[in-house]
Structures are given as structure tokens and as C-alpha cells.
file model.cif (mmCIF, N, CA and C atoms)
data_protein
#
loop_
_atom_site.label_atom_id
_atom_site.label_comp_id
_atom_site.auth_asym_id
_atom_site.auth_seq_id
_atom_site.Cartn_x
_atom_site.Cartn_y
_atom_site.Cartn_z
N MET A 1 -0.97 4.97 -8.58
CA MET A 1 -1.46 4.53 -7.29
C MET A 1 -1.05 5.51 -6.18
N ILE A 2 -0.03 6.28 -6.45
CA ILE A 2 0.38 7.29 -5.48
C ILE A 2 -0.76 8.28 -5.25
N LEU A 3 -1.51 8.57 -6.32
CA LEU A 3 -2.64 9.50 -6.19
C LEU A 3 -3.75 8.92 -5.33
N GLN A 4 -3.74 7.64 -5.09
CA GLN A 4 -4.71 7.02 -4.20
C GLN A 4 -4.12 6.81 -2.80
N ILE A 5 -2.86 6.53 -2.71
CA ILE A 5 -2.20 6.27 -1.43
C ILE A 5 -2.16 7.53 -0.57
N LEU A 6 -1.73 8.64 -1.15
CA LEU A 6 -1.56 9.87 -0.37
C LEU A 6 -2.87 10.39 0.22
N PRO A 7 -3.94 10.54 -0.57
CA PRO A 7 -5.20 11.00 0.05
C PRO A 7 -5.75 9.99 1.05
N GLY A 8 -5.60 8.69 0.77
CA GLY A 8 -6.07 7.67 1.71
C GLY A 8 -5.38 7.76 3.05
N ALA A 9 -4.05 7.95 3.01
CA ALA A 9 -3.29 8.09 4.26
C ALA A 9 -3.68 9.37 4.99
N TYR A 10 -3.90 10.44 4.24
CA TYR A 10 -4.30 11.71 4.85
C TYR A 10 -5.65 11.58 5.53
N ILE A 11 -6.60 10.96 4.85
CA ILE A 11 -7.95 10.78 5.41
C ILE A 11 -7.91 9.88 6.63
N ALA A 12 -7.17 8.79 6.56
CA ALA A 12 -7.13 7.82 7.66
C ALA A 12 -6.46 8.40 8.90
N MET A 13 -5.47 9.25 8.73
CA MET A 13 -4.72 9.76 9.87
C MET A 13 -5.19 11.12 10.37
N HIS A 14 -6.17 11.69 9.72
CA HIS A 14 -6.68 13.00 10.14
C HIS A 14 -7.51 12.83 11.40
N HIS A 15 -7.30 13.69 12.41
CA HIS A 15 -7.94 13.52 13.72
C HIS A 15 -9.23 14.31 13.89
N SER A 16 -9.64 15.02 12.86
CA SER A 16 -10.93 15.72 12.92
C SER A 16 -11.70 15.42 11.63
N MET A 17 -12.96 15.74 11.64
CA MET A 17 -13.80 15.45 10.48
C MET A 17 -13.38 16.32 9.30
N LEU A 18 -13.17 15.69 8.17
CA LEU A 18 -12.84 16.43 6.96
C LEU A 18 -14.10 16.92 6.25
N TYR A 19 -15.16 16.15 6.36
CA TYR A 19 -16.42 16.47 5.69
C TYR A 19 -17.48 16.74 6.75
N ASP A 20 -17.72 18.02 7.03
CA ASP A 20 -18.68 18.40 8.06
C ASP A 20 -20.09 17.95 7.74
N VAL A 21 -20.43 17.92 6.46
CA VAL A 21 -21.78 17.51 6.05
C VAL A 21 -22.03 16.05 6.45
N TYR A 22 -21.03 15.22 6.36
CA TYR A 22 -21.20 13.82 6.72
C TYR A 22 -21.49 13.66 8.21
N ASP A 23 -20.96 14.55 9.02
CA ASP A 23 -21.22 14.52 10.46
C ASP A 23 -22.68 14.87 10.75
N ILE A 24 -23.27 15.74 9.95
CA ILE A 24 -24.65 16.17 10.14
C ILE A 24 -25.65 15.15 9.58
N CYS A 25 -25.36 14.61 8.43
CA CYS A 25 -26.29 13.68 7.76
C CYS A 25 -26.41 12.37 8.53
N GLY A 26 -27.53 11.72 8.34
CA GLY A 26 -27.73 10.41 8.96
C GLY A 26 -26.94 9.33 8.24
N ARG A 27 -26.70 8.24 8.93
CA ARG A 27 -25.95 7.13 8.36
C ARG A 27 -26.78 5.86 8.45
N ALA A 28 -26.46 4.90 7.60
CA ALA A 28 -27.19 3.63 7.58
C ALA A 28 -26.85 2.78 8.80
N TRP A 29 -25.61 2.87 9.29
CA TRP A 29 -25.19 2.08 10.44
C TRP A 29 -24.82 3.01 11.59
N ALA A 30 -24.96 2.52 12.78
CA ALA A 30 -24.62 3.32 13.97
C ALA A 30 -23.11 3.26 14.18
N ILE A 31 -22.39 4.13 13.51
CA ILE A 31 -20.94 4.18 13.62
C ILE A 31 -20.54 5.65 13.73
N ASP A 32 -19.54 5.91 14.54
CA ASP A 32 -19.05 7.26 14.74
C ASP A 32 -18.51 7.80 13.41
N PRO A 33 -18.82 9.04 13.04
CA PRO A 33 -18.34 9.58 11.77
C PRO A 33 -16.81 9.57 11.63
N LEU A 34 -16.10 9.83 12.73
CA LEU A 34 -14.63 9.82 12.66
C LEU A 34 -14.10 8.41 12.41
N THR A 35 -14.72 7.41 13.05
CA THR A 35 -14.32 6.01 12.81
C THR A 35 -14.60 5.62 11.37
N ASP A 36 -15.75 6.05 10.86
CA ASP A 36 -16.10 5.76 9.47
C ASP A 36 -15.10 6.42 8.52
N GLN A 37 -14.68 7.62 8.83
CA GLN A 37 -13.69 8.31 8.01
C GLN A 37 -12.36 7.56 8.02
N GLU A 38 -11.95 7.08 9.20
CA GLU A 38 -10.69 6.32 9.29
C GLU A 38 -10.76 5.03 8.49
N ILE A 39 -11.88 4.33 8.58
CA ILE A 39 -12.04 3.08 7.82
C ILE A 39 -12.02 3.37 6.32
N GLY A 40 -12.71 4.43 5.91
CA GLY A 40 -12.70 4.81 4.49
C GLY A 40 -11.31 5.16 4.00
N GLY A 41 -10.56 5.88 4.82
CA GLY A 41 -9.18 6.22 4.46
C GLY A 41 -8.30 4.98 4.34
N LEU A 42 -8.48 4.05 5.26
CA LEU A 42 -7.70 2.80 5.19
C LEU A 42 -8.06 1.98 3.96
N LEU A 43 -9.35 1.95 3.62
CA LEU A 43 -9.78 1.21 2.43
C LEU A 43 -9.28 1.87 1.14
N THR A 44 -9.04 3.15 1.18
CA THR A 44 -8.48 3.84 0.03
C THR A 44 -6.96 3.67 -0.02
N TRP A 45 -6.33 3.62 1.13
CA TRP A 45 -4.88 3.61 1.25
C TRP A 45 -4.28 2.21 1.06
N ILE A 46 -4.72 1.24 1.83
CA ILE A 46 -4.05 -0.07 1.91
C ILE A 46 -4.08 -0.86 0.60
N PRO A 47 -5.23 -1.04 -0.06
CA PRO A 47 -5.19 -1.81 -1.32
C PRO A 47 -4.28 -1.19 -2.38
N ALA A 48 -4.26 0.13 -2.48
CA ALA A 48 -3.37 0.77 -3.45
C ALA A 48 -1.91 0.54 -3.08
N ALA A 49 -1.58 0.66 -1.80
CA ALA A 49 -0.21 0.42 -1.36
C ALA A 49 0.17 -1.04 -1.57
N MET A 50 -0.76 -1.94 -1.30
CA MET A 50 -0.48 -3.36 -1.47
C MET A 50 -0.20 -3.68 -2.94
N MET A 51 -0.97 -3.10 -3.85
CA MET A 51 -0.75 -3.34 -5.27
C MET A 51 0.59 -2.76 -5.73
N SER A 52 0.99 -1.63 -5.17
CA SER A 52 2.30 -1.05 -5.50
C SER A 52 3.43 -1.96 -5.04
N VAL A 53 3.30 -2.51 -3.85
CA VAL A 53 4.33 -3.42 -3.32
C VAL A 53 4.38 -4.70 -4.15
N VAL A 54 3.24 -5.26 -4.49
CA VAL A 54 3.20 -6.48 -5.30
C VAL A 54 3.82 -6.23 -6.67
N ALA A 55 3.46 -5.11 -7.30
CA ALA A 55 4.03 -4.79 -8.61
C ALA A 55 5.54 -4.59 -8.52
N SER A 56 6.00 -3.93 -7.48
CA SER A 56 7.44 -3.72 -7.30
C SER A 56 8.17 -5.04 -7.11
N LEU A 57 7.60 -5.96 -6.35
CA LEU A 57 8.21 -7.28 -6.15
C LEU A 57 8.25 -8.09 -7.45
N VAL A 58 7.21 -8.00 -8.25
CA VAL A 58 7.19 -8.71 -9.53
C VAL A 58 8.28 -8.16 -10.45
N VAL A 59 8.40 -6.85 -10.55
CA VAL A 59 9.42 -6.23 -11.40
C VAL A 59 10.81 -6.60 -10.88
N LEU A 60 11.03 -6.53 -9.58
CA LEU A 60 12.32 -6.90 -9.00
C LEU A 60 12.65 -8.36 -9.28
N SER A 61 11.66 -9.22 -9.20
CA SER A 61 11.87 -10.65 -9.50
C SER A 61 12.31 -10.85 -10.94
N TYR A 62 11.65 -10.14 -11.86
CA TYR A 62 12.05 -10.25 -13.26
C TYR A 62 13.45 -9.72 -13.49
N ILE A 63 13.79 -8.62 -12.85
CA ILE A 63 15.14 -8.06 -13.01
C ILE A 63 16.19 -9.03 -12.48
N LEU A 64 15.97 -9.57 -11.29
CA LEU A 64 16.95 -10.50 -10.71
C LEU A 64 17.02 -11.79 -11.51
N HIS A 65 15.89 -12.28 -11.99
CA HIS A 65 15.87 -13.51 -12.79
C HIS A 65 16.59 -13.28 -14.11
N ASP A 66 16.41 -12.11 -14.69
CA ASP A 66 17.07 -11.78 -15.96
C ASP A 66 18.57 -11.69 -15.77
N LYS A 67 19.05 -11.12 -14.66
CA LYS A 67 20.49 -11.04 -14.40
C LYS A 67 21.10 -12.43 -14.23
N GLN A 68 20.36 -13.36 -13.62
CA GLN A 68 20.86 -14.72 -13.46
C GLN A 68 20.96 -15.40 -14.82
N ASP A 69 20.00 -15.18 -15.70
CA ASP A 69 20.05 -15.77 -17.04
C ASP A 69 21.23 -15.23 -17.83
N ILE A 70 21.53 -13.94 -17.71
CA ILE A 70 22.66 -13.35 -18.44
C ILE A 70 23.97 -13.94 -17.93
N SER A 71 24.12 -14.11 -16.61
CA SER A 71 25.37 -14.64 -16.08
C SER A 71 25.57 -16.10 -16.45
N VAL A 72 24.50 -16.86 -16.65
CA VAL A 72 24.62 -18.26 -17.06
C VAL A 72 25.00 -18.34 -18.54
N LYS A 73 24.38 -17.50 -19.39
CA LYS A 73 24.63 -17.54 -20.83
C LYS A 73 25.99 -16.92 -21.18
N HIS A 74 26.40 -15.88 -20.44
CA HIS A 74 27.63 -15.16 -20.72
C HIS A 74 28.49 -15.11 -19.46
N PRO A 75 29.35 -16.08 -19.24
CA PRO A 75 30.16 -16.11 -18.01
C PRO A 75 31.04 -14.90 -17.84
N ALA A 76 31.44 -14.24 -18.92
CA ALA A 76 32.32 -13.06 -18.81
C ALA A 76 31.60 -11.93 -18.08
N VAL A 77 30.29 -11.86 -18.18
CA VAL A 77 29.52 -10.80 -17.53
C VAL A 77 29.57 -10.96 -16.01
N SER A 78 29.56 -12.21 -15.54
CA SER A 78 29.54 -12.46 -14.11
C SER A 78 30.93 -12.53 -13.50
N GLY A 79 31.96 -12.32 -14.29
CA GLY A 79 33.32 -12.33 -13.75
C GLY A 79 34.00 -13.68 -13.89
N GLY A 80 33.36 -14.65 -14.49
CA GLY A 80 33.97 -15.98 -14.65
C GLY A 80 34.46 -16.22 -16.05
N GLY A 81 34.93 -15.16 -16.70
CA GLY A 81 35.36 -15.25 -18.11
C GLY A 81 36.74 -15.88 -18.25
N VAL A 82 37.20 -15.95 -19.47
CA VAL A 82 38.49 -16.53 -19.79
C VAL A 82 39.59 -15.58 -19.32
N LYS A 83 40.64 -16.15 -18.72
CA LYS A 83 41.74 -15.32 -18.22
C LYS A 83 42.96 -15.50 -19.06
#

call {"tool": "encode", "arguments": {"input": "model.cif", "output": "C-alpha cells"}}
result
Amino acid sequence: MILQILPGAYIAMHHSMLYDVYDICGRAWAIDPLTDQEIGGLLTWIPAAMMSVVASLVVLSYILHDKQDISVKHPAVSGGGVK
């Protein structure tokens, strides 16, 4: 997803037209080419970043949940062992 996030961010934050041909060609809707480029960059950037964050949170949840299970099953691991 990094390969989608980086170009999307670059396209969205670029202040001049990246594709000169698109500026010359006609468009279906009356929208400024630079605005269209920014929207396209955001649509490329945000969903990929959102999926990366969601996947990271799911993995972190599993890791934390697994550590809690280990400390319940094996008290010595969590520091509550026999003295």
C-alpha cells in the first residue's frame, strides 16, 4: 500500500499540473484540471492509508490480546509467579 500512498500524496500535494495533456484535453465535467488532479491524488492516497491504519490496528489488537492470554495462562510471565 506504500506504493499507492506515496504517489497519491505526491499527486494531491503537487501545485502544478503533472499531466499537461490532461490540461489540453476536454473533460466530461466543468472542473479545473488542478482541482481534478488533487481529488484524484486524494482518492489514491486516503483509502490506501486508511487500509494500512486498519490493518495495523487489527495486528496490534491481536498482539495485545495474545499477551493478555499468555499472562493469564502463565502467571510467571507477567511477574506474578511463585516466590

call {"tool": "atom_distance", "arguments": {"input": "model.cif", "atom1": "atom C of A:Trp45", "atom2": "atom C of A:Ile2"}}
result
9.4 Å

call {"tool": "resolve_selection", "arguments": {"input": "model.cif", "expression": "the PyMOL selection byres ((chain A and resi 33) around 8)", "output": "compact mmCIF listing (two decimals) with N, CA and C atoms, in the frame of the given file"}}
result
# COMPACT_ATOMS: atom_id res chain seq x y z
N SER A 16 -9.64 15.02 12.86
CA SER A 16 -10.93 15.72 12.92
C SER A 16 -11.70 15.42 11.63
N MET A 17 -12.96 15.74 11.64
CA MET A 17 -13.80 15.45 10.48
C MET A 17 -13.38 16.32 9.30
N LEU A 18 -13.17 15.69 8.17
CA LEU A 18 -12.84 16.43 6.96
C LEU A 18 -14.10 16.92 6.25
N TYR A 22 -21.03 15.22 6.36
CA TYR A 22 -21.20 13.82 6.72
C TYR A 22 -21.49 13.66 8.21
N ASP A 23 -20.96 14.55 9.02
CA ASP A 23 -21.22 14.52 10.46
C ASP A 23 -22.68 14.87 10.75
N ALA A 30 -24.96 2.52 12.78
CA ALA A 30 -24.62 3.32 13.97
C ALA A 30 -23.11 3.26 14.18
N ILE A 31 -22.39 4.13 13.51
CA ILE A 31 -20.94 4.18 13.62
C ILE A 31 -20.54 5.65 13.73
N ASP A 32 -19.54 5.91 14.54
CA ASP A 32 -19.05 7.26 14.74
C ASP A 32 -18.51 7.80 13.41
N LEU A 34 -16.10 9.83 12.73
CA LEU A 34 -14.63 9.82 12.66
C LEU A 34 -14.10 8.41 12.41
N THR A 35 -14.72 7.41 13.05
CA THR A 35 -14.32 6.01 12.81
C THR A 35 -14.60 5.62 11.37
N ASP A 36 -15.75 6.05 10.86
CA ASP A 36 -16.10 5.76 9.47
C ASP A 36 -15.10 6.42 8.52
N GLN A 37 -14.68 7.62 8.83
CA GLN A 37 -13.69 8.31 8.01
C GLN A 37 -12.36 7.56 8.02
N GLU A 38 -11.95 7.08 9.20
CA GLU A 38 -10.69 6.32 9.29
C GLU A 38 -10.76 5.03 8.49
N ILE A 39 -11.88 4.33 8.58
CA ILE A 39 -12.04 3.08 7.82
C ILE A 39 -12.02 3.37 6.32

call {"tool": "resolve_selection", "arguments": {"input": "model.cif", "expression": "the PyMOL selection byres ((chain A and resi 1) around 7)", "output": "JSON, numbers by chain"}}
result
{"A": [2, 3, 4, 5, 6, 48, 49, 52]}

call {"tool": "atom_distance", "arguments": {"input": "model.cif", "atom1": "atom CA of A:Leu57", "atom2": "atom CA of A:Thr44"}}
result
21.0 Å

call {"tool": "atom_distance", "arguments": {"input": "model.cif", "atom1": "atom C of A:Ala9", "atom2": "atom CA of A:Gly26"}}
result
24.4 Å
